[in-house]
>>> print(open('run-v8.cif').read())   # mmCIF, C-alpha atoms
data_final
loop_
_atom_site.label_atom_id
_atom_site.label_comp_id
_atom_site.auth_asym_id
_atom_site.auth_seq_id
_atom_site.Cartn_x
_atom_site.Cartn_y
_atom_site.Cartn_z
CA MET O 1 -0.06 22.20 20.46
CA THR O 2 2.09 19.19 19.61
CA THR O 3 -0.14 18.25 16.69
CA ILE O 4 0.18 21.58 14.93
CA GLN O 5 3.94 21.55 15.41
CA SER O 6 4.34 18.05 13.97
CA THR O 7 2.11 18.93 11.00
CA ALA O 8 4.28 21.93 10.23
CA ASP O 9 7.42 19.79 10.44
CA GLU O 10 5.93 17.23 8.05
CA THR O 11 5.04 19.99 5.62
CA GLU O 12 8.56 21.41 5.69
CA GLN O 13 10.04 18.03 4.90
CA HIS O 14 7.52 17.01 2.28
CA PRO O 15 9.34 16.02 -0.93
CA ASP O 16 6.64 17.72 -3.05
CA LEU O 17 7.91 21.11 -1.93
CA ALA O 18 11.31 20.59 -3.56
CA LEU O 19 9.57 19.56 -6.80
CA VAL O 20 7.32 22.62 -6.63
CA ALA O 21 10.34 24.85 -6.11
CA ARG O 22 12.06 23.34 -9.16
CA ALA O 23 8.89 23.62 -11.27
CA ARG O 24 8.63 27.29 -10.33
CA THR O 25 12.03 27.92 -11.86
CA GLY O 26 10.84 26.42 -15.14
CA ASP O 27 11.84 22.79 -14.61
CA VAL O 28 8.96 21.08 -16.40
CA SER O 29 10.27 17.61 -15.57
CA ALA O 30 9.78 18.35 -11.86
CA TYR O 31 6.14 19.20 -12.54
CA ASP O 32 5.86 16.07 -14.68
CA THR O 33 6.80 14.06 -11.57
CA LEU O 34 4.06 15.74 -9.54
CA VAL O 35 1.47 15.14 -12.27
CA ARG O 36 2.47 11.48 -12.51
CA LYS O 37 2.19 11.14 -8.74
CA TYR O 38 -1.30 12.58 -8.40
CA GLU O 39 -3.13 12.29 -11.75
CA ARG O 40 -5.00 9.10 -10.84
CA GLN O 41 -6.25 10.50 -7.54
CA ILE O 42 -7.31 13.80 -9.11
CA PHE O 43 -9.10 11.96 -11.91
CA ARG O 44 -11.00 9.87 -9.33
CA ILE O 45 -12.13 12.92 -7.38
CA ALA O 46 -13.32 14.57 -10.60
CA GLN O 47 -15.13 11.41 -11.64
CA HIS O 48 -16.89 11.20 -8.25
CA ILE O 49 -18.18 14.76 -8.61
CA THR O 50 -18.92 14.96 -12.34
CA GLN O 51 -19.95 11.29 -12.71
CA ASN O 52 -18.69 11.44 -16.27
CA ARG O 53 -15.40 10.10 -17.62
CA GLU O 54 -14.91 12.76 -20.30
CA ASP O 55 -15.63 15.55 -17.86
CA ALA O 56 -13.27 13.98 -15.33
CA GLU O 57 -10.46 13.85 -17.91
CA ASP O 58 -11.07 17.50 -18.84
CA VAL O 59 -11.17 18.49 -15.18
CA ALA O 60 -7.91 16.69 -14.47
CA GLN O 61 -6.25 18.50 -17.38
CA ASP O 62 -7.65 21.89 -16.39
CA SER O 63 -6.73 21.39 -12.73
CA PHE O 64 -3.09 20.52 -13.37
CA LEU O 65 -2.78 23.35 -15.87
CA LYS O 66 -4.31 25.85 -13.45
CA ALA O 67 -2.07 24.63 -10.63
CA TYR O 68 0.96 24.99 -12.89
CA GLU O 69 -0.01 28.53 -13.85
CA LYS O 70 -0.61 29.44 -10.21
CA LEU O 71 2.44 27.76 -8.68
CA ASP O 72 3.69 31.16 -7.52
CA GLN O 73 0.54 31.53 -5.43
CA PHE O 74 1.10 28.22 -3.63
CA GLN O 75 2.09 29.30 -0.15
CA GLY O 76 3.74 26.14 1.03
CA ASN O 77 1.98 26.28 4.38
CA SER O 78 -0.38 23.57 3.15
CA LYS O 79 0.53 20.36 1.39
CA PHE O 80 0.76 20.61 -2.40
CA TYR O 81 -1.75 17.78 -2.79
CA THR O 82 -4.43 19.43 -0.62
CA TRP O 83 -3.98 22.62 -2.64
CA LEU O 84 -4.33 20.62 -5.85
CA VAL O 85 -7.45 18.84 -4.57
CA ARG O 86 -9.03 22.18 -3.79
CA ILE O 87 -8.41 23.36 -7.35
CA SER O 88 -9.78 20.15 -8.84
CA VAL O 89 -12.91 20.19 -6.66
CA ASN O 90 -13.64 23.76 -7.80
CA GLU O 91 -13.00 22.80 -11.42
CA SER O 92 -15.30 19.77 -11.05
CA LEU O 93 -18.09 21.88 -9.58
CA MET O 94 -17.71 24.45 -12.36
CA ARG O 95 -17.95 21.65 -14.90
CA LEU O 96 -21.14 20.38 -13.23
CA ARG O 97 -22.68 23.84 -13.31
CA LYS O 98 -21.92 24.15 -17.01
CA ARG O 99 -23.47 20.76 -17.67
CA HIS O 100 -26.54 21.27 -15.51
CA THR O 101 -27.31 24.91 -16.13
CA GLY O 102 -29.31 26.42 -13.35
CA ARG O 103 -28.47 23.69 -10.86
CA MET O 104 -26.03 25.01 -8.31
CA VAL O 105 -23.85 22.37 -6.75
CA SER O 106 -21.70 23.03 -3.74
CA ILE O 107 -19.38 20.87 -1.72
CA ASP O 108 -20.29 22.67 1.50
CA GLU O 109 -24.05 22.87 1.12
CA ASP O 110 -26.03 22.03 4.21
CA MET O 111 -27.20 18.45 4.01
CA GLU O 112 -29.23 18.02 7.15
CA THR O 113 -31.10 14.93 6.09
CA GLU O 114 -32.10 12.12 8.37
CA GLU O 115 -30.72 9.56 5.93
CA GLY O 116 -27.41 8.24 7.10
CA SER O 117 -27.67 9.59 10.61
CA VAL O 118 -29.20 6.36 11.91
CA PRO O 119 -28.36 2.91 10.54
CA ARG O 120 -31.47 1.28 9.13
CA ASP O 121 -30.45 -2.12 7.86
CA LEU O 122 -29.18 -4.03 10.86
CA ALA O 123 -28.84 -7.50 9.35
CA ASP O 124 -25.35 -8.93 9.54
CA TRP O 125 -23.31 -9.63 6.42
CA ALA O 126 -21.88 -12.87 5.16
CA PRO O 127 -18.19 -13.31 5.90
CA ASN O 128 -16.20 -11.70 3.05
CA PRO O 129 -19.39 -10.94 1.09
CA GLU O 130 -17.43 -9.36 -1.75
CA GLN O 131 -16.18 -12.80 -2.71
CA ASN O 132 -19.66 -13.73 -3.94
CA TYR O 133 -19.15 -11.42 -6.90
CA THR O 134 -16.75 -11.16 -9.78
CA GLN O 135 -14.45 -8.14 -9.83
CA THR O 136 -16.61 -6.51 -12.52
CA GLU O 137 -19.85 -7.14 -10.60
CA LEU O 138 -18.33 -5.82 -7.39
CA GLY O 139 -17.07 -2.71 -9.18
CA GLU O 140 -20.56 -2.07 -10.55
CA ILE O 141 -22.10 -2.50 -7.09
CA LEU O 142 -19.58 -0.14 -5.45
CA GLU O 143 -20.03 2.49 -8.18
CA LYS O 144 -23.81 2.27 -8.08
CA THR O 145 -23.79 2.46 -4.29
CA ILE O 146 -21.60 5.54 -3.98
CA LYS O 147 -23.14 7.32 -6.97
CA GLY O 148 -26.29 8.30 -5.07
CA LEU O 149 -24.46 10.11 -2.27
CA PRO O 150 -24.21 13.94 -2.30
CA PRO O 151 -20.90 15.18 -3.83
CA GLY O 152 -19.72 16.48 -0.45
CA PHE O 153 -20.12 13.03 1.10
CA LYS O 154 -18.47 11.17 -1.77
CA VAL O 155 -15.39 13.36 -1.83
CA VAL O 156 -14.94 13.29 1.95
CA PHE O 157 -15.18 9.48 1.89
CA GLU O 158 -12.77 9.25 -1.07
CA LEU O 159 -10.19 11.54 0.55
CA ARG O 160 -10.41 10.18 4.10
CA ASP O 161 -11.12 6.50 3.69
CA VAL O 162 -9.80 5.61 0.24
CA GLN O 163 -6.87 7.98 -0.18
CA GLY O 164 -6.08 8.11 3.55
CA LEU O 165 -5.85 11.88 4.06
CA SER O 166 -6.14 13.19 7.62
CA THR O 167 -9.33 14.91 8.75
CA GLU O 168 -7.43 18.21 8.90
CA ASP O 169 -6.02 17.90 5.36
CA THR O 170 -9.44 16.88 4.03
CA ALA O 171 -10.99 19.92 5.70
CA GLU O 172 -8.36 22.19 4.19
CA ALA O 173 -8.66 20.66 0.73
CA LEU O 174 -12.43 21.09 0.71
CA GLY O 175 -12.65 24.39 2.53
CA LEU O 176 -14.73 22.76 5.27
CA SER O 177 -14.43 22.84 9.04
CA VAL O 178 -13.09 19.75 10.84
CA PRO O 179 -16.52 19.05 12.46
CA ALA O 180 -18.16 19.32 9.02
CA VAL O 181 -15.73 16.74 7.61
CA LYS O 182 -16.37 14.43 10.56
CA SER O 183 -20.13 14.76 10.20
CA ARG O 184 -20.03 14.07 6.45
CA LEU O 185 -17.68 11.12 6.90
CA LEU O 186 -19.94 9.44 9.45
CA ARG O 187 -22.99 9.93 7.24
CA ALA O 188 -21.15 8.77 4.13
CA ARG O 189 -19.91 5.63 5.88
CA LEU O 190 -23.36 4.79 7.29
CA GLN O 191 -25.17 5.47 4.01
CA LEU O 192 -22.73 3.32 2.07
CA ARG O 193 -23.04 0.59 4.68
CA ASP O 194 -26.86 0.70 4.51
CA ARG O 195 -26.82 0.57 0.73
CA LEU O 196 -24.25 -2.21 0.52
CA SER O 197 -26.37 -4.25 2.94
CA ARG O 198 -28.78 -4.82 0.08
CA TYR O 199 -26.13 -6.95 -1.56
CA PHE O 200 -24.14 -8.34 1.34
CA HIS O 201 -26.83 -9.74 3.68
CA LYS O 202 -25.89 -12.90 5.49
CA ASP O 203 -29.01 -14.63 4.14
CA GLN O 204 -29.25 -15.99 0.64
CA ARG O 205 -30.58 -12.76 -0.78
CA ASN O 206 -27.18 -11.88 -2.14
CA LYS O 207 -27.26 -14.97 -4.33
CA LEU O 208 -30.51 -13.78 -5.87
CA LEU O 209 -29.10 -10.31 -6.32
CA LYS O 210 -25.99 -11.73 -7.90
CA HIS O 211 -28.06 -12.92 -10.82
CA SER O 212 -30.30 -9.92 -11.16
CA PHE O 213 -28.65 -7.08 -9.28
CA LYS O 214 -28.70 -4.68 -12.19
CA GLY O 215 -32.48 -4.52 -12.44
CA ARG O 216 -33.20 -4.72 -8.74
CA ALA O 217 -30.62 -2.19 -7.72
CA ALA O 218 -31.99 0.25 -10.26
CA SER O 219 -35.45 0.02 -8.77
CA GLU O 220 -34.19 0.09 -5.16
CA ASP O 221 -32.12 3.17 -5.86
CA LYS O 222 -35.25 5.18 -6.56
CA MET U 223 -23.93 3.89 27.18
CA THR U 224 -26.83 4.20 24.72
CA CYS U 225 -26.70 3.18 21.05
CA LYS U 226 -26.92 6.86 20.10
CA GLU U 227 -23.88 7.67 22.22
CA PHE U 228 -22.04 4.73 20.70
CA LEU U 229 -22.88 5.87 17.19
CA ALA U 230 -21.61 9.38 17.91
CA GLN U 231 -18.16 7.88 18.50
CA LEU U 232 -18.29 5.17 15.87
CA ASP U 233 -15.87 6.97 13.53
CA ASP U 234 -13.35 7.57 16.30
CA LEU U 235 -13.51 3.90 17.24
CA ILE U 236 -12.99 2.84 13.61
CA ASP U 237 -10.14 5.32 13.14
CA GLY U 238 -8.56 4.39 16.47
CA SER U 239 -8.44 8.02 17.54
CA ILE U 240 -9.81 7.67 21.08
CA PRO U 241 -8.32 7.38 24.56
CA ALA U 242 -8.06 3.87 26.01
CA ASP U 243 -10.78 4.41 28.64
CA THR U 244 -13.32 5.59 26.03
CA ARG U 245 -12.40 2.65 23.83
CA ALA U 246 -13.04 0.29 26.75
CA GLN U 247 -16.50 1.81 27.28
CA LEU U 248 -17.36 1.47 23.59
CA GLU U 249 -16.13 -2.12 23.50
CA GLU U 250 -18.17 -2.88 26.61
CA HIS U 251 -21.26 -1.59 24.79
CA LEU U 252 -20.41 -3.78 21.79
CA HIS U 253 -20.36 -6.88 24.00
CA HIS U 254 -23.99 -6.32 24.97
CA CYS U 255 -25.48 -4.79 21.83
CA GLU U 256 -25.75 -6.98 18.78
CA HIS U 257 -27.08 -4.15 16.60
CA CYS U 258 -24.15 -1.88 17.29
CA GLU U 259 -21.75 -4.77 16.79
CA VAL U 260 -23.25 -5.38 13.34
CA VAL U 261 -23.07 -1.68 12.47
CA PHE U 262 -19.47 -1.46 13.66
CA ASN U 263 -18.30 -4.57 11.81
CA THR U 264 -20.12 -3.86 8.56
CA THR U 265 -19.09 -0.19 8.50
CA ARG U 266 -15.49 -1.24 8.92
CA LYS U 267 -15.97 -3.79 6.15
CA THR U 268 -17.53 -1.12 3.90
CA ILE U 269 -14.41 1.02 4.21
CA GLN U 270 -12.12 -1.95 3.64
CA ILE U 271 -14.00 -3.01 0.49
CA TYR U 272 -13.89 0.48 -1.01
CA ARG U 273 -10.23 0.82 -0.11
CA SER U 274 -9.21 -2.45 -1.75
CA ASN U 275 -11.32 -1.98 -4.88
CA GLU U 276 -10.43 1.48 -6.15
CA LEU U 277 -13.11 2.90 -8.40
CA PHE U 278 -12.48 4.76 -11.63
CA ASP U 279 -8.96 3.49 -11.98
CA LEU U 280 -7.37 4.56 -15.24
CA PRO U 281 -6.07 1.83 -17.53
CA ASP U 282 -2.43 2.46 -18.52
CA ASN U 283 -3.23 3.64 -22.05
CA LEU U 284 -5.80 6.18 -20.85
CA ARG U 285 -3.49 7.33 -18.11
CA ASP U 286 -0.66 7.87 -20.60
CA ARG U 287 -3.01 9.81 -22.86
CA LEU U 288 -4.18 11.99 -19.99
CA HIS U 289 -0.64 12.55 -18.77
CA SER U 290 0.59 13.57 -22.23
CA ALA U 291 -2.34 15.95 -22.67
CA ILE U 292 -1.66 17.61 -19.30
CA MET U 293 2.05 18.03 -19.95
CA ALA U 294 1.49 19.30 -23.50
CA ARG U 295 -0.76 22.06 -22.14
CA CYS U 296 1.70 22.93 -19.36
CA LYS U 297 4.61 23.14 -21.80
CA LYS U 298 2.60 25.52 -23.97
CA VAL U 299 2.33 28.08 -21.18
CA SER U 300 5.86 27.73 -19.79
#
>>> encode(input="run-v8.cif", output="C-alpha cells")
Amino acid sequence: MTTIQSTADETEQHPDLALVARARTGDVSAYDTLVRKYERQIFRIAQHITQNREDAEDVAQDSFLKAYEKLDQFQGNSKFYTWLVRISVNESLMRLRKRHTGRMVSIDEDMETEEGSVPRDLADWAPNPEQNYTQTELGEILEKTIKGLPPGFKVVFELRDVQGLSTEDTAEALGLSVPAVKSRLLRARLQLRDRLSRYFHKDQRNKLLKHSFKGRAASEDK
Amino acid sequence: MTCKEFLAQLDDLIDGSIPADTRAQLEEHLHHCEHCEVVFNTTRKTIQIYRSNELFDLPDNLRDRLHSAIMARCKKVS
C-alpha cells in the first residue's frame, strides 16, 4: 500500500492546509491566497460545464463563497483543491438545471455510447498541424471541438490532461470511481482526437478548412 | 496483440503508467500497425495541443474583477 501512504504524506505536507487553517481562524488574507491560486482553474471548469461566461463567473463566486462558509467541514483527508472542484462542479450543474429547466444533467450519468470507443478517422496529421492556424483560429477550433462532449468527459479531460490531476484525485473531485474516470478519459481523448482530425489531416484539407472552418465545422458538428 | 487490446491500454501507454514488459509489447504492436501508430501519435498530440492552449483563460482585468467580487462576498460573511 505504498501509494496510499505516499498520498497521505503529500496531503499532510500540502501548503494549502496551512492556509485553510489560518482562514478558519478568520484570516481572510489566507483565503485570498487560495482564491488567487485556484480561481482561473475553477472558472475554466465552470465554463466547460455551463458553456456560458456569465454563468461561469457566478459559479466561481458561489463556489468560493460556499467553500469559505464550509471550511469547518473540510476534513483535510483530501486535498483542498479536489474538495473545491467538487463544490464547483455541483454549483455548475445546479446552474445548468436552473437554465435548462426540466433537463437533468449529471456528471456521473451512464454514457454507454459507441462514439469514442473506437477511433474512426485514421488519417495521419500534418506535423505540428496547429501551426497552420492563428492563435484565435486554433482557440475557436479547440473550443468548438470540446464543446460537443458530455460534461462528464470534458471535466475529466480538463482535470486529468490539462490541469494534471491524478486519476485518484479526479475521481475524488467528481465523486466517480477510478475505473469510471479512466473510461471517460479514454473516450474523451479519442473523441477529441477524431474531431480534431477534421482540421489537422495531413492532406491539404486543413488549408481549405482554414479559410472556411466556421461554416463547415458548424455543419459537421450536427 | 490485437488493435482492441492495444486500445484498451492506450491511456496507460500515453501516461507512462505501465510495467516495462507491457510497454515493450505495446511498442512491438506499434511497429507493425500503422493505424494504431496514427491513433497513438495523434491522441498524444491532441492532449499536448489542449495543454499548451488553455481555453477560457481570464484576461487580467476580468480576473481582477472576479477576484474582488469573490473576496467582497467572503468578507461580508466573515
>>> resolve_selection(input="run-v8.cif", expression="the PyMOL selection byres ((chain U and resi 235) around 12)", output="JSON, numbers by chain")
{"O": [186], "U": [228, 229, 230, 231, 232, 233, 234, 236, 237, 238, 239, 240, 241, 242, 243, 244, 245, 246, 247, 248, 249, 252, 259, 262, 263, 265, 266]}
>>> resolve_selection(input="run-v8.cif", expression="the PyMOL selection byres ((chain U) within 8 of (chain O))", output="MDAnalysis selection string")
chainID U and resid 232:233 257 260:261 264:265 268:269 271:273 275:280 285 288:289 291:293 295:297 299:300
>>> write_last_selection(input="run-v8.cif", atoms="C-alpha atoms", output="PDB file, in the coordinates of the input")
ATOM      1  CA  LEU U 232     -18.290   5.170  15.870  1.00  0.00           C
ATOM      2  CA  ASP U 233     -15.870   6.970  13.530  1.00  0.00           C
ATOM      3  CA  HIS U 257     -27.080  -4.150  16.600  1.00  0.00           C
ATOM      4  CA  VAL U 260     -23.250  -5.380  13.340  1.00  0.00           C
ATOM      5  CA  VAL U 261     -23.070  -1.680  12.470  1.00  0.00           C
ATOM      6  CA  THR U 264     -20.120  -3.860   8.560  1.00  0.00           C
ATOM      7  CA  THR U 265     -19.090  -0.190   8.500  1.00  0.00           C
ATOM      8  CA  THR U 268     -17.530  -1.120   3.900  1.00  0.00           C
ATOM      9  CA  ILE U 269     -14.410   1.020   4.210  1.00  0.00           C
ATOM     10  CA  ILE U 271     -14.000  -3.010   0.490  1.00  0.00           C
ATOM     11  CA  TYR U 272     -13.890   0.480  -1.010  1.00  0.00           C
ATOM     12  CA  ARG U 273     -10.230   0.820  -0.110  1.00  0.00           C
ATOM     13  CA  ASN U 275     -11.320  -1.980  -4.880  1.00  0.00           C
ATOM     14  CA  GLU U 276     -10.430   1.480  -6.150  1.00  0.00           C
ATOM     15  CA  LEU U 277     -13.110   2.900  -8.400  1.00  0.00           C
ATOM     16  CA  PHE U 278     -12.480   4.760 -11.630  1.00  0.00           C
ATOM     17  CA  ASP U 279      -8.960   3.490 -11.980  1.00  0.00           C
ATOM     18  CA  LEU U 280      -7.370   4.560 -15.240  1.00  0.00           C
ATOM     19  CA  ARG U 285      -3.490   7.330 -18.110  1.00  0.00           C
ATOM     20  CA  LEU U 288      -4.180  11.990 -19.990  1.00  0.00           C
ATOM     21  CA  HIS U 289      -0.640  12.550 -18.770  1.00  0.00           C
ATOM     22  CA  ALA U 291      -2.340  15.950 -22.670  1.00  0.00           C
ATOM     23  CA  ILE U 292      -1.660  17.610 -19.300  1.00  0.00           C
ATOM     24  CA  MET U 293       2.050  18.030 -19.950  1.00  0.00           C
ATOM     25  CA  ARG U 295      -0.760  22.060 -22.140  1.00  0.00           C
ATOM     26  CA  CYS U 296       1.700  22.930 -19.360  1.00  0.00           C
ATOM     27  CA  LYS U 297       4.610  23.140 -21.800  1.00  0.00           C
ATOM     28  CA  VAL U 299       2.330  28.080 -21.180  1.00  0.00           C
ATOM     29  CA  SER U 300       5.860  27.730 -19.790  1.00  0.00           C
TER      30      SER U 300
END
>>> atom_distance(input="run-v8.cif", atom1="atom CA of O:Phe153", atom2="atom CA of O:Val181")
8.7 Å
>>> atom_distance(input="run-v8.cif", atom1="atom CA of O:Asp169", atom2="atom CA of O:Val156")
10.6 Å
>>> resolve_selection(input="run-v8.cif", expression="the PyMOL selection byres ((chain O and resi 175) around 12)", output="PDB file with C-alpha atoms, keeping the file's coordinate frame")
ATOM      1  CA  THR O  82      -4.430  19.430  -0.620  1.00  0.00           C
ATOM      2  CA  TRP O  83      -3.980  22.620  -2.640  1.00  0.00           C
ATOM      3  CA  VAL O  85      -7.450  18.840  -4.570  1.00  0.00           C
ATOM      4  CA  ARG O  86      -9.030  22.180  -3.790  1.00  0.00           C
ATOM      5  CA  ILE O  87      -8.410  23.360  -7.350  1.00  0.00           C
ATOM      6  CA  VAL O  89     -12.910  20.190  -6.660  1.00  0.00           C
ATOM      7  CA  ASN O  90     -13.640  23.760  -7.800  1.00  0.00           C
ATOM      8  CA  SER O 106     -21.700  23.030  -3.740  1.00  0.00           C
ATOM      9  CA  ILE O 107     -19.380  20.870  -1.720  1.00  0.00           C
ATOM     10  CA  ASP O 108     -20.290  22.670   1.500  1.00  0.00           C
ATOM     11  CA  GLU O 109     -24.050  22.870   1.120  1.00  0.00           C
ATOM     12  CA  GLY O 152     -19.720  16.480  -0.450  1.00  0.00           C
ATOM     13  CA  VAL O 156     -14.940  13.290   1.950  1.00  0.00           C
ATOM     14  CA  THR O 167      -9.330  14.910   8.750  1.00  0.00           C
ATOM     15  CA  GLU O 168      -7.430  18.210   8.900  1.00  0.00           C
ATOM     16  CA  ASP O 169      -6.020  17.900   5.360  1.00  0.00           C
ATOM     17  CA  THR O 170      -9.440  16.880   4.030  1.00  0.00           C
ATOM     18  CA  ALA O 171     -10.990  19.920   5.700  1.00  0.00           C
ATOM     19  CA  GLU O 172      -8.360  22.190   4.190  1.00  0.00           C
ATOM     20  CA  ALA O 173      -8.660  20.660   0.730  1.00  0.00           C
ATOM     21  CA  LEU O 174     -12.430  21.090   0.710  1.00  0.00           C
ATOM     22  CA  LEU O 176     -14.730  22.760   5.270  1.00  0.00           C
ATOM     23  CA  SER O 177     -14.430  22.840   9.040  1.00  0.00           C
ATOM     24  CA  VAL O 178     -13.090  19.750  10.840  1.00  0.00           C
ATOM     25  CA  PRO O 179     -16.520  19.050  12.460  1.00  0.00           C
ATOM     26  CA  ALA O 180     -18.160  19.320   9.020  1.00  0.00           C
ATOM     27  CA  VAL O 181     -15.730  16.740   7.610  1.00  0.00           C
TER      28      VAL O 181
END
>>> closest_residue(input="run-v8.cif", among="U:Glu250, U:Cys258, U:Ser274, U:Lys298", to="U:Lys226", atoms="all atoms listed in the file")
U:Cys258
>>> axis_aligned_box(input="run-v8.cif", around="stretch 234-248 of chain U", padding_each_side="4 Å", output="JSON")
{"center_x": -12.7, "center_y": 4.2, "center_z": 20.9, "size_x": 17.3, "size_y": 15.7, "size_z": 23.5}
